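Quick look at protein-v7.txt (compact mmCIF, C-alpha atoms):
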```
# COMPACT_ATOMS: atom_id res chain seq x y z
CA MET A 12 11.25 60.69 12.84
CA ILE A 13 11.33 58.77 16.13
CA ARG A 14 10.10 55.73 14.23
CA LYS A 15 13.00 55.96 11.80
CA PHE A 16 15.48 56.51 14.62
CA ALA A 17 14.22 53.41 16.45
CA ALA A 18 14.52 51.41 13.25
CA LEU A 19 18.10 52.59 12.73
CA LEU A 20 18.95 51.75 16.37
CA LEU A 21 17.57 48.23 15.94
CA LEU A 22 19.51 47.81 12.70
CA ALA A 23 22.72 49.00 14.41
CA GLY A 24 22.20 46.29 17.03
CA ILE A 25 21.67 43.60 14.39
CA ALA A 26 24.68 44.91 12.45
CA ALA A 27 26.82 44.59 15.59
CA ILE A 28 25.76 40.94 15.96
CA PHE A 29 26.53 40.33 12.27
CA MET A 30 29.98 41.96 12.63
CA GLY A 31 30.73 39.65 15.51
CA LEU A 32 29.68 36.65 13.45
CA LEU A 33 31.58 37.82 10.38
CA PHE A 34 34.95 38.57 11.98
CA THR A 35 35.06 35.45 14.14
CA TYR A 36 34.05 33.20 11.23
CA GLU A 37 36.66 30.62 10.33
CA PRO A 38 35.93 28.32 7.39
CA ASP A 39 36.33 24.63 8.21
CA PRO A 40 39.53 23.17 6.75
CA GLU A 41 37.80 19.81 6.29
CA LEU A 42 34.24 18.59 5.73
CA ASN A 43 32.35 18.00 8.95
CA THR A 44 31.17 14.50 9.90
CA THR A 45 27.74 14.71 8.26
CA ALA A 46 29.07 16.12 5.00
CA ARG A 47 31.90 13.57 4.98
CA TYR A 48 29.38 10.75 5.37
CA TYR A 49 27.33 12.04 2.43
CA ALA A 50 30.45 12.57 0.29
CA GLU A 51 31.80 9.09 0.92
CA ARG A 52 28.62 7.04 0.86
CA THR A 53 26.48 8.70 -1.86
CA ALA A 54 28.13 6.94 -4.83
CA ALA A 55 27.84 3.48 -3.29
CA ASP A 56 24.49 3.81 -1.48
CA ILE A 57 22.43 6.11 -3.70
CA GLY A 58 24.28 6.12 -7.03
CA ALA A 59 23.48 9.77 -7.79
CA ALA A 60 26.28 11.90 -9.24
CA ASN A 61 24.83 15.08 -7.74
CA ILE A 62 25.27 14.77 -3.97
CA VAL A 63 22.85 17.64 -3.25
CA THR A 64 20.14 15.72 -5.11
CA ALA A 65 20.97 12.56 -3.13
CA ILE A 66 20.48 14.52 0.11
CA VAL A 67 17.31 16.30 -1.01
CA VAL A 68 15.53 13.31 -2.54
CA THR A 69 16.73 10.32 -0.54
CA TYR A 70 18.70 11.04 2.64
CA ARG A 71 16.31 13.85 3.59
CA GLY A 72 13.43 12.78 1.38
CA LEU A 73 10.86 13.16 4.12
CA ASP A 74 11.81 16.84 4.53
CA THR A 75 11.35 17.33 0.79
CA LEU A 76 7.89 15.79 1.02
CA GLY A 77 7.17 18.35 3.75
CA GLU A 78 8.56 21.14 1.56
CA VAL A 79 6.35 20.14 -1.34
CA THR A 80 3.42 20.13 1.08
CA VAL A 81 4.25 23.66 2.25
CA LEU A 82 4.40 24.80 -1.37
CA PHE A 83 1.07 23.11 -2.09
CA LEU A 84 -0.48 24.83 0.94
CA SER A 85 0.76 28.26 -0.10
CA ALA A 86 -0.52 27.74 -3.66
CA ALA A 87 -3.89 26.60 -2.28
CA ILE A 88 -4.13 29.57 0.11
CA VAL A 89 -3.25 32.03 -2.67
CA GLY A 90 -6.10 30.54 -4.68
CA LEU A 91 -8.45 30.72 -1.68
CA VAL A 92 -7.54 34.30 -0.72
CA LEU A 93 -7.81 35.61 -4.28
CA ALA A 94 -10.98 33.75 -5.21
CA SER A 95 -13.18 33.94 -2.11
CA GLY A 96 -16.22 36.17 -2.12
CA ARG A 97 -15.62 37.72 -5.50
CA ARG A 98 -17.94 38.02 -8.44
CA LYS A 99 -16.40 35.99 -11.24
CA LYS A 100 -15.49 38.36 -14.00
CA THR A 101 -15.09 36.73 -17.36
CA ALA A 102 -11.92 37.40 -19.28
CA LYS A 103 -13.84 39.19 -22.03
CA GLU A 104 -14.85 42.03 -19.73
CA ARG A 105 -11.22 43.04 -19.25
CA THR A 106 -9.46 45.07 -21.89
CA VAL A 107 -5.71 45.08 -22.30
CA THR A 108 -3.39 46.67 -24.82
CA PRO A 109 -2.07 44.03 -27.23
CA ALA A 110 1.50 42.81 -26.77
CA GLY A 111 4.13 44.12 -29.14
CA GLU A 112 5.31 42.24 -32.21
CA LEU A 113 8.62 41.27 -30.59
CA LEU A 114 7.01 39.81 -27.46
CA ALA A 115 4.27 37.98 -29.39
CA THR A 116 6.65 36.39 -31.91
CA GLY A 117 9.37 35.76 -29.36
CA SER A 118 7.09 33.99 -26.92
CA THR A 119 5.69 31.58 -29.53
CA LEU A 120 9.29 30.60 -30.32
CA LEU A 121 10.65 30.60 -26.78
CA ALA A 122 7.85 29.23 -24.59
CA PRO A 123 8.08 25.61 -25.87
CA LEU A 124 11.88 25.73 -25.67
CA ILE A 125 11.75 27.03 -22.09
CA MET A 126 9.38 24.21 -21.10
CA LEU A 127 11.69 21.70 -22.79
CA LEU A 128 14.64 23.12 -20.83
CA GLY A 129 12.59 22.74 -17.63
CA VAL A 130 11.94 19.06 -18.40
CA TYR A 131 15.63 18.56 -19.21
CA VAL A 132 16.65 20.15 -15.91
CA PHE A 133 14.41 17.94 -13.76
CA VAL A 134 15.08 14.70 -15.68
CA ASN A 135 18.84 15.23 -15.25
CA GLY A 136 18.54 16.33 -11.63
CA HIS A 137 20.66 13.44 -10.34
CA LEU A 138 23.53 14.17 -12.78
CA THR A 139 23.83 17.92 -13.23
CA PRO A 140 23.12 21.01 -11.14
CA GLY A 141 19.37 21.41 -11.02
CA GLY A 142 16.45 19.18 -10.21
CA GLY A 143 12.73 19.12 -9.67
CA PHE A 144 12.34 22.48 -7.96
CA GLN A 145 14.51 24.34 -10.46
CA GLY A 146 12.93 22.57 -13.45
CA GLY A 147 9.44 23.30 -12.11
CA ALA A 148 10.32 26.97 -11.71
CA ILE A 149 11.64 27.07 -15.31
CA ILE A 150 8.38 25.54 -16.60
CA ALA A 151 6.40 28.14 -14.67
CA SER A 152 8.58 30.90 -16.16
CA GLY A 153 7.51 29.66 -19.60
CA MET A 154 3.91 30.00 -18.44
CA LEU A 155 4.73 33.52 -17.22
CA LEU A 156 6.04 34.44 -20.68
CA LEU A 157 2.75 33.24 -22.21
CA LEU A 158 0.83 35.33 -19.67
CA LEU A 159 2.94 38.41 -20.42
CA THR A 160 2.13 38.06 -24.12
CA ASP A 161 -1.58 37.57 -23.57
CA PRO A 162 -2.75 38.50 -20.04
CA LEU A 163 -6.24 37.21 -20.88
CA LYS A 164 -4.95 33.72 -21.62
CA HIS A 165 -6.80 31.21 -19.50
CA PHE A 166 -4.94 28.16 -18.27
CA SER A 167 -7.13 25.18 -17.51
CA HIS A 168 -7.32 24.93 -13.74
CA THR A 169 -8.60 21.37 -14.03
CA LEU A 170 -5.51 20.32 -15.98
CA ILE A 171 -3.16 22.05 -13.52
CA ALA A 172 -4.93 20.50 -10.53
CA THR A 173 -4.91 17.03 -12.15
CA VAL A 174 -1.18 17.16 -12.93
CA GLU A 175 -0.48 18.41 -9.43
CA SER A 176 -2.52 15.82 -7.53
CA LEU A 177 -1.45 12.91 -9.75
CA SER A 178 2.25 13.67 -9.33
CA GLY A 179 1.77 14.19 -5.58
CA ILE A 180 -0.02 10.85 -5.17
CA LEU A 181 2.57 9.02 -7.29
CA TYR A 182 5.39 10.61 -5.26
CA VAL A 183 3.92 9.30 -1.99
CA ALA A 184 3.16 5.91 -3.62
CA ILE A 185 6.80 5.53 -4.72
CA GLY A 186 7.84 6.49 -1.21
CA LEU A 187 5.56 3.79 0.24
CA LEU A 188 6.92 1.22 -2.23
CA GLY A 189 10.31 1.88 -0.67
CA ILE A 190 9.01 0.51 2.66
CA PHE A 191 8.01 -2.81 1.08
CA LEU A 192 10.73 -3.30 -1.56
CA ALA A 193 13.75 -1.55 -0.02
CA GLY A 194 15.06 -0.11 3.21
CA GLY A 195 12.39 2.42 4.14
CA PHE A 196 10.12 5.30 3.15
CA LEU A 197 11.37 7.07 -0.02
CA ASP A 198 14.30 4.64 -0.39
CA ASN A 199 15.49 4.98 -4.01
CA ARG A 200 16.72 1.38 -4.30
CA ILE A 201 13.37 0.02 -5.46
CA LEU A 202 14.91 0.28 -8.95
CA PRO A 203 18.48 -0.83 -9.82
CA ILE A 204 21.10 1.78 -8.97
CA GLY A 205 22.93 1.34 -12.29
CA THR A 206 26.21 2.98 -13.32
CA LEU A 207 27.13 6.29 -11.74
CA GLY A 208 26.67 9.17 -14.15
CA THR A 209 24.21 7.64 -16.63
CA LEU A 210 20.64 8.85 -17.14
CA PHE A 211 19.02 5.61 -15.90
CA SER A 212 20.88 5.42 -12.63
CA ALA A 213 20.33 6.29 -8.98
CA GLY A 214 17.27 4.04 -8.64
CA ALA A 215 14.02 5.93 -8.27
CA ILE A 216 15.60 9.41 -8.00
CA PRO A 217 14.97 10.50 -11.64
CA LEU A 218 11.36 9.31 -11.30
CA ILE A 219 10.79 11.07 -7.96
CA TYR A 220 12.48 14.29 -9.10
CA SER A 221 10.46 14.34 -12.34
CA LEU A 222 7.27 14.02 -10.30
CA ILE A 223 8.46 16.81 -7.98
CA GLY A 224 9.26 18.91 -11.07
CA LEU A 225 5.77 18.43 -12.49
CA LYS A 226 4.18 19.17 -9.13
CA VAL A 227 6.23 22.30 -8.49
CA GLY A 228 5.64 23.51 -12.06
CA ALA A 229 1.89 22.98 -11.65
CA GLU A 230 1.85 24.76 -8.27
CA PHE A 231 3.80 27.79 -9.52
CA SER A 232 1.58 27.91 -12.63
CA SER A 233 -1.56 27.84 -10.52
CA ILE A 234 -0.21 30.73 -8.40
CA LEU A 235 0.57 32.67 -11.60
CA ALA A 236 -2.84 31.89 -13.11
CA HIS A 237 -4.64 32.99 -9.93
CA LEU A 238 -2.64 36.21 -9.71
CA SER A 239 -3.24 37.02 -13.36
CA GLU A 240 -6.96 36.28 -13.23
CA THR A 241 -7.64 38.67 -10.37
CA GLU A 242 -9.42 41.68 -11.73
CA GLU A 243 -7.94 45.14 -11.88
CA LEU A 244 -8.90 47.40 -9.03
CA MET B 1 36.31 35.29 -0.90
CA ALA B 2 34.02 33.63 1.62
CA LEU B 3 34.31 36.76 3.77
CA ILE B 4 33.20 39.03 0.92
CA ALA B 5 30.23 36.83 0.08
CA MET B 6 29.23 36.61 3.72
CA ALA B 7 29.56 40.38 4.21
CA ALA B 8 27.43 40.91 1.09
CA GLY B 9 24.80 38.56 2.52
CA PHE B 10 24.72 40.37 5.87
CA ILE B 11 24.51 43.77 4.11
CA LEU B 12 21.58 42.50 2.01
CA ILE B 13 19.82 41.33 5.20
CA LEU B 14 20.34 44.77 6.77
CA ILE B 15 19.09 46.56 3.63
CA GLY B 16 16.02 44.32 3.62
CA PHE B 17 15.27 44.94 7.31
CA TYR B 18 15.77 48.70 6.85
CA GLY B 19 13.34 48.71 3.94
CA ALA B 20 10.77 46.62 5.82
CA LEU B 21 10.98 48.82 8.93
CA THR B 22 10.90 52.27 7.30
CA ASN B 23 8.53 51.82 4.37
CA ARG B 24 4.80 52.12 4.89
CA ASN B 25 3.80 50.79 1.49
CA ILE B 26 3.05 47.07 1.73
CA LEU B 27 4.47 46.27 -1.71
CA ARG B 28 7.77 47.91 -0.83
CA MET B 29 7.84 45.94 2.42
CA ILE B 30 7.35 42.70 0.45
CA VAL B 31 10.23 43.61 -1.87
CA ALA B 32 12.38 44.40 1.18
CA PHE B 33 11.57 41.01 2.69
CA THR B 34 12.66 39.22 -0.49
CA VAL B 35 15.95 41.17 -0.42
CA ALA B 36 16.55 40.05 3.18
CA ASP B 37 15.60 36.49 2.16
CA THR B 38 18.27 36.53 -0.55
CA GLY B 39 20.83 37.77 1.98
CA VAL B 40 20.06 34.88 4.35
CA ASN B 41 20.46 32.40 1.48
CA ILE B 42 23.84 33.88 0.49
CA VAL B 43 25.11 33.64 4.08
CA MET B 44 23.95 30.00 4.37
CA VAL B 45 25.63 28.96 1.10
CA THR B 46 28.83 30.75 2.15
CA VAL B 47 29.04 28.76 5.38
CA GLY B 48 29.36 25.58 3.30
CA TYR B 49 32.15 26.96 1.13
CA LEU B 50 35.63 25.49 1.60
CA ARG B 51 38.72 26.97 -0.05
CA ASP B 52 40.08 25.34 -3.25
CA ARG B 53 37.26 22.86 -3.56
CA THR B 54 34.59 22.27 -6.18
CA ALA B 55 30.84 21.67 -6.46
CA PRO B 56 29.47 18.44 -4.89
CA ILE B 57 28.87 16.65 -8.18
CA LEU B 58 30.75 13.42 -8.91
CA ASP B 59 32.25 13.02 -12.40
CA ASN B 60 35.64 12.37 -14.01
CA ALA B 61 37.16 15.42 -12.34
CA VAL B 62 35.81 14.42 -8.91
CA PRO B 63 35.97 10.62 -8.60
CA ALA B 64 33.82 9.09 -5.87
CA ALA B 65 36.89 7.67 -4.12
CA ASP B 66 38.39 10.99 -3.01
CA ALA B 67 35.20 13.05 -3.09
CA ALA B 68 35.50 13.90 0.60
CA ALA B 69 38.76 15.78 -0.09
CA ARG B 70 37.55 17.58 -3.21
CA ILE B 71 34.01 18.88 -2.67
CA ILE B 72 32.44 21.64 -0.60
CA ASP B 73 29.78 20.95 2.02
CA PRO B 74 26.57 19.82 0.20
CA VAL B 75 24.26 20.15 3.23
CA PRO B 76 23.87 23.98 3.23
CA GLN B 77 23.17 23.84 -0.50
CA ALA B 78 20.33 21.38 0.05
CA LEU B 79 19.01 23.63 2.84
CA VAL B 80 19.13 26.75 0.67
CA LEU B 81 17.32 24.91 -2.14
CA THR B 82 14.49 24.40 0.33
CA ALA B 83 14.70 27.98 1.61
CA ILE B 84 14.46 29.51 -1.88
CA VAL B 85 11.34 27.52 -2.77
CA ILE B 86 9.61 28.27 0.53
CA GLY B 87 10.61 31.94 0.19
CA MET B 88 8.89 32.05 -3.19
CA GLY B 89 5.72 30.53 -1.73
CA VAL B 90 5.73 33.01 1.15
CA THR B 91 6.21 35.94 -1.26
CA ALA B 92 3.24 34.80 -3.35
CA LEU B 93 1.15 34.57 -0.16
CA MET B 94 2.19 38.07 0.93
CA LEU B 95 1.24 39.45 -2.49
CA ALA B 96 -2.17 37.76 -2.33
CA PHE B 97 -2.81 39.23 1.13
CA ALA B 98 -1.63 42.66 -0.06
CA TYR B 99 -4.18 42.41 -2.87
CA ARG B 100 -6.97 41.62 -0.41
CA PHE B 101 -5.82 44.46 1.84
CA TYR B 102 -5.96 46.91 -1.06
CA GLU B 103 -9.35 45.59 -2.09
CA LYS B 104 -10.75 46.25 1.38
CA LYS B 105 -9.01 49.53 2.27
CA ARG B 106 -8.30 51.02 -1.18
CA THR B 107 -4.78 51.84 0.01
CA LEU B 108 -1.47 50.07 0.44
CA ASP B 109 -0.41 52.18 3.44
CA ILE B 110 0.18 49.90 6.43
CA THR B 111 -0.54 52.73 8.91
CA LYS B 112 -4.16 52.72 7.69
CA CYS B 113 -4.50 49.22 9.10
CA THR B 114 -5.67 50.11 12.60
CA GLU B 115 -7.92 47.25 13.69
CA LEU B 116 -5.24 45.63 15.82
CA LYS B 117 -3.76 48.90 17.07
CA TRP B 118 -3.90 49.70 20.79
```

Kindly transcribe the structure held in the file into structure tokens.
Amino acid sequence: MIRKFAALLLLAGIAAIFMGLLFTYEPDPELNTTARYYAERTAADIGAANIVTAIVVTYRGLDTLGEVTVLFLSAAIVGLVLASGRRKKTAKERTVTPAGELLATGSTLLAPLIMLLGVYVFVNGHLTPGGGFQGGAIIASGMLLLLLTDPLKHFSHTLIATVESLSGILYVAIGLLGIFLAGGFLDNRILPIGTLGTLFSAGAIPLIYSLIGLKVGAEFSSILAHLSETEEL
Amino acid sequence: MALIAMAAGFILILIGFYGALTNRNILRMIVAFTVADTGVNIVMVTVGYLRDRTAPILDNAVPAADAAARIIDPVPQALVLTAIVIGMGVTALMLAFAYRFYEKKRTLDITKCTELKW
């Protein structure tokens, strides 16, 4: 009871701070200096139609490399925590009720289409809403559908790890190429910028975002595979 | 409009904190944290919203020449993209630790975790 009362008191304090923030909030009438710079210079400097992508992949590309690293670390730690000190139980020892007709038929139809949509989303990341992270998540959701249909399905960890490390290495290699061929680390102008709004434009951005998409998809899939392969308690 | 979205974000944060503080079941606490996470993301996106403007994507409707007068702030959107992905990684980690906790203690009740209690 006291515990709950203390929690409510704390929440009332936080709510008071939020009320203060909410009622004194005034939306900017104009873009601030940083946003204005990005809005005005993206088309000429980067050549990407999607300004958010230009910020994520090029202007703040180093932060994105850090983000991908954090994601890799969390996927690796999930694998470590779930796998350490446990007797490996083969999939055959587990029994599950078979998936229904609808789920089984639906997933064979939908899973390839979902993966294709994921690839589409990350290849067009510089033109449309979306990009590597979203596309990777869509690919992993296709994997999740396969796992829902057949929880005993075993994804090849070697394949996932190979895709993940290859795309990570290529991502850093493209970033390093930017130092030698263009203005700096992760500069996208190592390839021609092209016409704004076409698929082969924005220099190396489609390449980098596809690699990020593959890497994120592989990381999410490895998390899913590890979680699904843990035995029932 | 921005006010409603921001209020919704703050309310989601409060709901998430309430759930995390009052529940003793670790899985419920994880769900509560993801709710609060969503609230933070909504508030951050709302800060970048400007009235009568459109998404920061250049095309025929938003020519590059007068983009600065037509688009909303793209920086919070890039930030939230990062925050969503990291939030997902953190949630997966919390679930993995919850699994290990259950394996060791055979319960999901956080009050049974007394090693660090003083």

- prompt: In Å, how far is it from atom CA of A:Ser233 to atom CA of A:Met126?
  reply: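 Spanning atom CA of A:Ser233 to atom CA of A:Met126 is a straight-line distance of 15.6 Å.
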
task: Choose the residue, out of A:Glu230, A:Glu112, A:Asp198, A:Glu78, that has the smallest atom-to-atom separation from A:Ala151; count all atoms listed in the file.
output: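 Closest candidate: A:Glu230.
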
field: Residue hits in chain A, query chain B, radius 8 Å, only C-alpha atoms, as an MDAnalysis selection string
entry: chainID A and resid 14:15 18:19 22 25:26 29 33 38:43 46:47 50:51 54 60:64 66:67 75 78 81:82 85:86 88:89 92:93 138:140 144 208 234 238 244

Please write the residues from the selection above to a file, keeping C-alpha atoms, as a short mmCIF file (atom, residue, chain, number, x, y, z; two decimals), keeping the file's coordinate frame.
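Below is the file result.cif, written as the result:
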```cif
data_model
loop_
_atom_site.label_atom_id
_atom_site.label_comp_id
_atom_site.auth_asym_id
_atom_site.auth_seq_id
_atom_site.Cartn_x
_atom_site.Cartn_y
_atom_site.Cartn_z
CA ARG A 14 10.10 55.73 14.23
CA LYS A 15 13.00 55.96 11.80
CA ALA A 18 14.52 51.41 13.25
CA LEU A 19 18.10 52.59 12.73
CA LEU A 22 19.51 47.81 12.70
CA ILE A 25 21.67 43.60 14.39
CA ALA A 26 24.68 44.91 12.45
CA PHE A 29 26.53 40.33 12.27
CA LEU A 33 31.58 37.82 10.38
CA PRO A 38 35.93 28.32 7.39
CA ASP A 39 36.33 24.63 8.21
CA PRO A 40 39.53 23.17 6.75
CA GLU A 41 37.80 19.81 6.29
CA LEU A 42 34.24 18.59 5.73
CA ASN A 43 32.35 18.00 8.95
CA ALA A 46 29.07 16.12 5.00
CA ARG A 47 31.90 13.57 4.98
CA ALA A 50 30.45 12.57 0.29
CA GLU A 51 31.80 9.09 0.92
CA ALA A 54 28.13 6.94 -4.83
CA ALA A 60 26.28 11.90 -9.24
CA ASN A 61 24.83 15.08 -7.74
CA ILE A 62 25.27 14.77 -3.97
CA VAL A 63 22.85 17.64 -3.25
CA THR A 64 20.14 15.72 -5.11
CA ILE A 66 20.48 14.52 0.11
CA VAL A 67 17.31 16.30 -1.01
CA THR A 75 11.35 17.33 0.79
CA GLU A 78 8.56 21.14 1.56
CA VAL A 81 4.25 23.66 2.25
CA LEU A 82 4.40 24.80 -1.37
CA SER A 85 0.76 28.26 -0.10
CA ALA A 86 -0.52 27.74 -3.66
CA ILE A 88 -4.13 29.57 0.11
CA VAL A 89 -3.25 32.03 -2.67
CA VAL A 92 -7.54 34.30 -0.72
CA LEU A 93 -7.81 35.61 -4.28
CA LEU A 138 23.53 14.17 -12.78
CA THR A 139 23.83 17.92 -13.23
CA PRO A 140 23.12 21.01 -11.14
CA PHE A 144 12.34 22.48 -7.96
CA GLY A 208 26.67 9.17 -14.15
CA ILE A 234 -0.21 30.73 -8.40
CA LEU A 238 -2.64 36.21 -9.71
CA LEU A 244 -8.90 47.40 -9.03
#
```

message: Taking only C-alpha atoms into account, name the residue in A:Leu235, A:Ala17, A:Ile223, A:Ala215 that is nearest to A:Val130.
response: A:Ile223

- request: Calculate how many Å separate atom CA of A:His168 from atom CA of A:His237, rounding to one decimal.
  value: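 One can read the atom CA of A:His168 to atom CA of A:His237 distance as 9.3 Å.
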
field: Atomic distance atom CA of B:Val40 - atom CA of B:Ala8, expressed in Å with one decimal
entry: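 Interatomic distance here is 10.1 Å.
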
Please report, as JSON, the centre and edge lengths in Å to one decimal of an axis-aligned box covering all listed atoms of stretch 155-158 of chain A with 3 Å per side.
```
{"center_x": 3.4, "center_y": 34.3, "center_z": -19.7, "size_x": 11.2, "size_y": 8.1, "size_z": 11.0}
```

- prompt: Which is closest to B:Ile30 among B:Ala98, B:Lys117, B:Gly9, B:Asp109, if we use all atoms listed in the file?
  reply: B:Ala98

field: Neighbour list for stretch 158-165 of chain A as JSON, numbers by chain, cut-off 9 Å, all atoms listed in the file, skip fewer than 2 positions in-chain
entry: {"A": [102, 103, 105, 106, 107, 109, 110, 111, 114, 115, 118, 153, 154, 155, 156, 167, 168, 235, 236, 239, 240]}

query: Which residues come within 12 Å of A:Ser176, counting only C-alpha atoms, excluding same-chain residues fewer than 2 positions away, as a PyMOL selection string?
result: chain A and resi 79-80+83+169-174+178-183+222-223+225-227+229-230

Prev. selection, C-alpha atoms, output as a PDB file, in the coordinates of the input:
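Now in part.pdb:
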```pdb
ATOM      1  CA  VAL A  79       6.350  20.140  -1.340  1.00  0.00           C
ATOM      2  CA  THR A  80       3.420  20.130   1.080  1.00  0.00           C
ATOM      3  CA  PHE A  83       1.070  23.110  -2.090  1.00  0.00           C
ATOM      4  CA  THR A 169      -8.600  21.370 -14.030  1.00  0.00           C
ATOM      5  CA  LEU A 170      -5.510  20.320 -15.980  1.00  0.00           C
ATOM      6  CA  ILE A 171      -3.160  22.050 -13.520  1.00  0.00           C
ATOM      7  CA  ALA A 172      -4.930  20.500 -10.530  1.00  0.00           C
ATOM      8  CA  THR A 173      -4.910  17.030 -12.150  1.00  0.00           C
ATOM      9  CA  VAL A 174      -1.180  17.160 -12.930  1.00  0.00           C
ATOM     10  CA  SER A 178       2.250  13.670  -9.330  1.00  0.00           C
ATOM     11  CA  GLY A 179       1.770  14.190  -5.580  1.00  0.00           C
ATOM     12  CA  ILE A 180      -0.020  10.850  -5.170  1.00  0.00           C
ATOM     13  CA  LEU A 181       2.570   9.020  -7.290  1.00  0.00           C
ATOM     14  CA  TYR A 182       5.390  10.610  -5.260  1.00  0.00           C
ATOM     15  CA  VAL A 183       3.920   9.300  -1.990  1.00  0.00           C
ATOM     16  CA  LEU A 222       7.270  14.020 -10.300  1.00  0.00           C
ATOM     17  CA  ILE A 223       8.460  16.810  -7.980  1.00  0.00           C
ATOM     18  CA  LEU A 225       5.770  18.430 -12.490  1.00  0.00           C
ATOM     19  CA  LYS A 226       4.180  19.170  -9.130  1.00  0.00           C
ATOM     20  CA  VAL A 227       6.230  22.300  -8.490  1.00  0.00           C
ATOM     21  CA  ALA A 229       1.890  22.980 -11.650  1.00  0.00           C
ATOM     22  CA  GLU A 230       1.850  24.760  -8.270  1.00  0.00           C
TER      23      GLU A 230
END
```

- line: Of A:Ile216, A:Val132, A:Ala122, A:Ala87, the one sitting nearest A:Ser152 when using only C-alpha atoms is A:Ala122
